[in-house]
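*Asks:* Starting off with a structure, shown below.
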Amino acid sequence: MEKRPVTVRVARWSAEHPWRAIALWVVFVAVCFIGGNMAGTVEASNSDQAIGESGRAEVIVDEGHFDNPARESVLITPLSGALDRSAADKAAADVATAMKALPEVASVSDPLPSHDGGALLVRVTMSGDPETAQDRVGKLRDATAGVQRAHPGLRVEETGGESIGQAMDDTLGKDFQRAEFLSLPVTFAILIVAFGALIAAGVPVLLALSSVAAALGLSTLASHLVPSTDTTASVILLIGMAVGVDYSLFYLRREREERAKGRKHLDAVEIAAETSGHAVVVSGVAVTIAMAGLFLAGDVVFSSLAVGSILVVLVSVIGSLTVLPALLSKLGRWIDRPRVPVLWRLTRPRAEGEGQSKVWSFILRPALRRPVATLAISVLALLALAAPALSMRLSFPGMEDLPRTTPAMQAYDRLVKAYPSNGTVHTVAVRVPAGQLDATKAALTELAKAAAADPLFAPLDEAPDVEVSADGKVAVLDVATPFAGRSEQAKESLDKLREVMVPQTVGKVPGVKAGSDAAVGGFVGADVDYADHVKHKLPLVVGFVLVLTFLVMAFTFRSVVVAVTSIALNLLSAGASYGLVVLIFQGTWAEGILGFTSMDAVVSWLPLFLFVVLFGLSMDYHVFVVSRIREAVKQGMPTREAVAHGITGSAGVVTSAAIVMVAVFSIFATLSTIDMKQLGVGLAAAILLDATIIRAVVLPSLMTLLGNANWWAPRFMRPREAPRPPAPVIEGELVGAGR
């Protein structure tokens, strides 16, 4: 007897022992989630995230173990006209009195006038742990508001890292709460439309949420090996909901289809396990391989994202193969209850002719009848859409990209205008050689004065402040530039510091080597270094993903041609998505539509992350559709009919899965920050293109054109045919043998 695939054996056991399978899944999720929370999360440190010279500067600063208390700035400016200095001095005195009365305040500086005399600045140093300062800054803001009420003729406002952080957390917190609040109802509503029954719609959501919970717990355990970052949990939720719903959707639709054909419930589960279950495993492996490519980026952020994504994908695969068959077995025909009357009639599984949709037959007609012309036109259109990606520029979002809707950000803009040295800052960090502290301090002071005289840098508001660590082994100087962090002038100032000023000053101190012992960091440096890092690592990651994906697809489908075409189609999809992101976000035409201010660049980390996510998720549809086509070919259909049968037969589930993904990703495009907008638009656009133009136009025209060549493979890759059993021997003769 032929041994059945492991997916079938697992599914049959789960279907025959549903309560055991469900109980084991619940215990597994609970143990992962609770155990992970008990173990705690190891967060990535600055040294873990060090990239380039800016990373070395951060490491040097960390080595100094500086006591960096949280600081706030209270800015006093006129509502209009010139500043009344006498009134401003009284307001500054009231600020000092109010602040010193607070236990959250350690010290208050004397008021500092701006160069043009149009503003007065009071600096406030907070007491206590800087890590918790953001939670305590509200008392300072209340005190500032009290001074403002006492001086209605002036503008008295507070800003600083803690105020801005609190304001952004409030804004982004509301954004993410809205996104989370919308994503589940939207997903559930789409699945109701897809299935026409409430329980059938709820099962994929339930499995996806439980997979996310288990993966979150496992990721905290994994953080003890690969440190975690702030974005890991968000990515687990994003990827987990996408693949968890998809895998359940594929499996559930196939099981319902087989039941509609008259098969017994257990048989329907087995067929779904052998077909859709196999596709889920292949897809999970493909997504895992794509995500594993992030480890080659040499960046703890990407490594953390890779760990989280891989864990949630593997958990989703396991859930689809184990607890899902158990749920289907236990629910039986209740899976199609309660029915939504109109939707049920439109979406109910039919015994015959699921692939006879007139809409999809019409859509596929050009690809099946004129494959050459259809392929050429569609590929040229996608290449044209991808063309803008050639002009892609990479950059970090800066302060200028944060929403200006909060008082803290509005005050920050006025602060930087009056005191340019409070804006974009380069950090010069130096490891002080033994016995060279005085020489190092003198060199840094010389550097500060030389920079202040250069138009690329901001003038000094006060004497240069060279910070020295308690052990005298590290010295740090902040050098400000009046230009925005992403501007060309800011990058010119960075180059001048690194290539000219630091070597000519600190670099001449005996024992100090510019670039290593003396490094320039800060936002501009990190921006430039990270963009270079991504450009250097992207080809390596892409090559790794392409090679391993080729091997998986080739041995899964036993076809070199299917593997090559799979990669080519996914590259087309990713390239078109890149082009759309560049077209939208490096221009200004879509600012009003999506509610953003163009940063004239793409967020530095996005191309690498977008590629692996899209390459992985696109394989979901590709594996599922090609599996249906191959299944039809094995049943004896000619390639053209098999293509039509496979695509129309899977159109409903692929369309439903794509709509879920596009809807969830589109919600991210409504968030306030530019990086989340770019991620949401990029993912939604790519999935939409992949499920429409790629799967409905390019794939059928290409496979129709190739015909039987689709399944070509070298001899060693071809599946072995099962040996025919010997004919029975009767009285020394072979039955059926020729005489």
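Chain labels follow the order of the structure tokens: the first chain is A, the next B, and so on; residue numbering restarts at 1 in every chain, and ligands are counted from 1 in their shown order.
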So that I can check the surroundings of A:Leu385, please list as a list of chain:residue names every protein, DNA and RNA residue that reaches within 10 Å of it, counting only C-alpha atoms and ignoring chain neighbours fewer than 6 positions away.

*Replies:* A:Val379, A:Leu572, A:Ser573, A:Gly575, A:Ala576, A:Ser577, A:Tyr578, A:Gly579, A:Leu580, A:Leu583

*Asks:* What does the file look like for those residues with N, CA and C atoms, as a CSV table (one decimal), in the first residue's frame?

*Replies:*
```csv
chain,number,residue,atom,x,y,z
A,379,VAL,N,3.7,42.3,-19.4
A,379,VAL,CA,5.1,42.5,-18.9
A,379,VAL,C,5.7,43.9,-19.1
A,572,LEU,N,8.9,40.6,-10.9
A,572,LEU,CA,8.1,41.6,-11.6
A,572,LEU,C,7.2,42.3,-10.6
A,573,SER,N,6.5,41.5,-9.7
A,573,SER,CA,5.6,42.0,-8.8
A,573,SER,C,6.3,43.0,-7.8
A,575,GLY,N,9.3,44.5,-8.2
A,575,GLY,CA,9.8,45.7,-9.0
A,575,GLY,C,8.7,46.7,-9.2
A,576,ALA,N,7.5,46.2,-9.6
A,576,ALA,CA,6.4,47.2,-9.8
A,576,ALA,C,6.0,47.8,-8.5
A,577,SER,N,6.0,47.1,-7.4
A,577,SER,CA,5.7,47.7,-6.1
A,577,SER,C,6.8,48.8,-5.7
A,578,TYR,N,8.0,48.5,-5.9
A,578,TYR,CA,9.1,49.5,-5.7
A,578,TYR,C,8.8,50.7,-6.5
A,579,GLY,N,8.5,50.5,-7.8
A,579,GLY,CA,8.2,51.7,-8.7
A,579,GLY,C,7.0,52.5,-8.2
A,580,LEU,N,6.0,51.9,-7.7
A,580,LEU,CA,4.8,52.6,-7.2
A,580,LEU,C,5.2,53.4,-5.9
A,583,LEU,N,7.1,56.4,-7.0
A,583,LEU,CA,6.3,57.3,-7.8
A,583,LEU,C,5.4,58.1,-6.8
```

*Asks:* Which neighbours of stretch 585-601 of chain A fall inside 10 Å, counting only C-alpha atoms, when residues of the same chain fewer than 2 positions from it are skipped, and could you give them as a list of chain:residue names?

*Replies:* A:Pro388, A:Ser391, A:Met392, A:Arg393, A:Leu394, A:Ser395, A:Phe396, A:Pro397, A:Gly398, A:Glu400, A:Asp401, A:Leu402, A:Pro403, A:Arg486, A:Leu580, A:Val581, A:Val582, A:Leu583, A:Val603, A:Ser604, A:Ala669, A:Thr670, A:Leu671, A:Ser672, A:Thr673, A:Ile674, A:Lys677, A:Gln678, A:Val681

*Asks:* With C-alpha atoms retained, write the just-selected residues as an mmCIF file, in the first residue's frame.

*Replies:*
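out-v6.cif written:
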```
data_model
loop_
_atom_site.group_PDB
_atom_site.id
_atom_site.type_symbol
_atom_site.label_atom_id
_atom_site.label_comp_id
_atom_site.auth_asym_id
_atom_site.auth_seq_id
_atom_site.Cartn_x
_atom_site.Cartn_y
_atom_site.Cartn_z
ATOM 1 C CA PRO A 388 10.724 54.720 -11.349
ATOM 2 C CA SER A 391 15.698 56.593 -9.303
ATOM 3 C CA MET A 392 15.026 55.392 -5.745
ATOM 4 C CA ARG A 393 16.745 57.397 -3.011
ATOM 5 C CA LEU A 394 17.077 56.003 0.509
ATOM 6 C CA SER A 395 16.834 57.989 3.725
ATOM 7 C CA PHE A 396 15.703 57.816 7.331
ATOM 8 C CA PRO A 397 12.619 59.785 8.348
ATOM 9 C CA GLY A 398 13.733 62.803 10.365
ATOM 10 C CA GLU A 400 10.856 67.157 9.662
ATOM 11 C CA ASP A 401 8.740 64.101 8.770
ATOM 12 C CA LEU A 402 6.882 63.897 12.078
ATOM 13 C CA PRO A 403 3.297 65.213 12.128
ATOM 14 C CA ARG A 486 18.099 64.896 5.025
ATOM 15 C CA LEU A 580 4.815 52.600 -7.184
ATOM 16 C CA VAL A 581 6.353 53.501 -3.817
ATOM 17 C CA VAL A 582 8.910 55.745 -5.533
ATOM 18 C CA LEU A 583 6.254 57.277 -7.770
ATOM 19 C CA VAL A 603 12.689 54.893 4.017
ATOM 20 C CA SER A 604 16.088 53.180 4.151
ATOM 21 C CA ALA A 669 -1.242 53.525 4.925
ATOM 22 C CA THR A 670 -3.580 55.631 7.093
ATOM 23 C CA LEU A 671 -1.074 55.885 9.974
ATOM 24 C CA SER A 672 0.639 59.190 10.697
ATOM 25 C CA THR A 673 4.282 58.238 10.204
ATOM 26 C CA ILE A 674 5.796 58.200 6.725
ATOM 27 C CA LYS A 677 2.514 54.766 5.101
ATOM 28 C CA GLN A 678 5.216 53.590 2.701
ATOM 29 C CA VAL A 681 1.166 51.246 0.329
#
```

*Asks:* Counting only C-alpha atoms, which of A:Asn710, A:Leu497, A:Arg431, A:Gln489 gets nearest to A:Ser559?

*Replies:* A:Asn710

*Asks:* Check which residues of stretch 383-459 of chain A sit at most 10 Å from stretch 114-128 of chain A using only C-alpha atoms, and return one row each with the closest pair of atoms and their distance in Å to one decimal, ordered by chain and rising number, as JSON lines.

*Replies:*
```
{"residue": "A:Arg414", "atom": "CA", "partner": "A:Ala119", "partner_atom": "CA", "distance": 9.4}
{"residue": "A:Leu415", "atom": "CA", "partner": "A:Leu121", "partner_atom": "CA", "distance": 8.4}
{"residue": "A:Lys417", "atom": "CA", "partner": "A:Ser114", "partner_atom": "CA", "distance": 9.8}
{"residue": "A:Ala418", "atom": "CA", "partner": "A:Ser114", "partner_atom": "CA", "distance": 6.0}
{"residue": "A:Tyr419", "atom": "CA", "partner": "A:Ser114", "partner_atom": "CA", "distance": 6.3}
{"residue": "A:Pro420", "atom": "CA", "partner": "A:Ser114", "partner_atom": "CA", "distance": 9.6}
{"residue": "A:Pro459", "atom": "CA", "partner": "A:His115", "partner_atom": "CA", "distance": 9.2}
```

*Asks:* Figure out the distance between atom CA of A:Ala15 and atom CA of A:Arg263, please, to one decimal in Å.

*Replies:*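 It comes out at 15.0 Å.
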
*Asks:* Sorted by chain and rising residue number, which residues of stretch 183-298 of chain A lie within 7 Å of stretch 27-44 of chain A, and what are their closest atom pairs and distances in Å to one decimal, counting only C-alpha atoms, as JSON lines?

*Replies:*
```
{"residue": "A:Ser210", "atom": "CA", "partner": "A:Val29", "partner_atom": "CA", "distance": 6.6}
{"residue": "A:Ala213", "atom": "CA", "partner": "A:Phe33", "partner_atom": "CA", "distance": 6.1}
{"residue": "A:Ala214", "atom": "CA", "partner": "A:Val29", "partner_atom": "CA", "distance": 4.7}
{"residue": "A:Leu216", "atom": "CA", "partner": "A:Phe33", "partner_atom": "CA", "distance": 6.6}
{"residue": "A:Gly217", "atom": "CA", "partner": "A:Phe33", "partner_atom": "CA", "distance": 4.0}
{"residue": "A:Leu218", "atom": "CA", "partner": "A:Cys32", "partner_atom": "CA", "distance": 5.7}
{"residue": "A:Thr220", "atom": "CA", "partner": "A:Thr41", "partner_atom": "CA", "distance": 4.8}
{"residue": "A:Leu221", "atom": "CA", "partner": "A:Gly36", "partner_atom": "CA", "distance": 5.4}
{"residue": "A:Ser223", "atom": "CA", "partner": "A:Val42", "partner_atom": "CA", "distance": 5.3}
{"residue": "A:His224", "atom": "CA", "partner": "A:Val42", "partner_atom": "CA", "distance": 5.7}
{"residue": "A:Pro227", "atom": "CA", "partner": "A:Ala44", "partner_atom": "CA", "distance": 4.7}
{"residue": "A:Ser228", "atom": "CA", "partner": "A:Glu43", "partner_atom": "CA", "distance": 4.9}
{"residue": "A:Thr229", "atom": "CA", "partner": "A:Glu43", "partner_atom": "CA", "distance": 5.9}
```

*Asks:* Give me the residues within 6 Å of stretch 331-344 of chain A as a PyMOL selection string, counting only C-alpha atoms and dropping any in the same chain fewer than 4 places off.

*Replies:* chain A and resi 196-200+327+348

*Asks:* Just to be explicit: take each residue in the selection above, keep C-alpha atoms, and write the result as a tab-separated table (two decimals), in the first residue's frame.

*Replies:*
```tsv
chain	number	residue	atom	x	y	z
A	196	GLY	CA	-21.35	33.42	3.25
A	197	ALA	CA	-21.34	31.81	6.72
A	198	LEU	CA	-20.27	33.24	10.09
A	199	ILE	CA	-18.50	30.20	11.57
A	200	ALA	CA	-16.54	29.58	8.37
A	327	LEU	CA	-12.08	21.96	13.98
A	348	ARG	CA	-21.79	28.36	-1.53
```

*Asks:* Pick from A:Leu702, A:Leu548, A:Val564, A:Ala408: nearest to A:Thr144, with only C-alpha atoms counted?

*Replies:*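 The closest residue to A:Thr144 is A:Ala408.
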
*Asks:* List the neighbours of A:Ser54 out to 7 Å using only C-alpha atoms; skip same-chain residues closer than 4 positions along the sequence, and give me the result as a list in words.

*Replies:* Glu58, Ala519, Val520, Gly521, Gly522, Gly525, Ala526 and Asp529 of chain A

*Asks:* So that I can check the surroundings of A:Ser329, please list as a list in words every protein, DNA and RNA residue that reaches within 10 Å of it, counting only C-alpha atoms and ignoring chain neighbours fewer than 3 positions away.

*Replies:*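 The filter keeps Ala11, Arg12, Ser14, Ala15, Glu16, His17, Pro18, Trp19, His265, Leu266, Ala268, Val269, Val323, Leu324, Pro325, Ala326, Gly332, Arg333, Trp334 and Ile335 of chain A.
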
*Asks:* What does the structure give for the distance between atom CA of A:Tyr247 and atom CA of A:Val203, in Å to one decimal?

*Replies:* 11.2 Å

*Asks:* Measuring between only C-alpha atoms, which one of A:Ala143, A:Val479, A:Val698, A:Ala92 shows the shortest distance to A:Ser566?

*Replies:*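 Smallest separation from A:Ser566 among the options: A:Val698.
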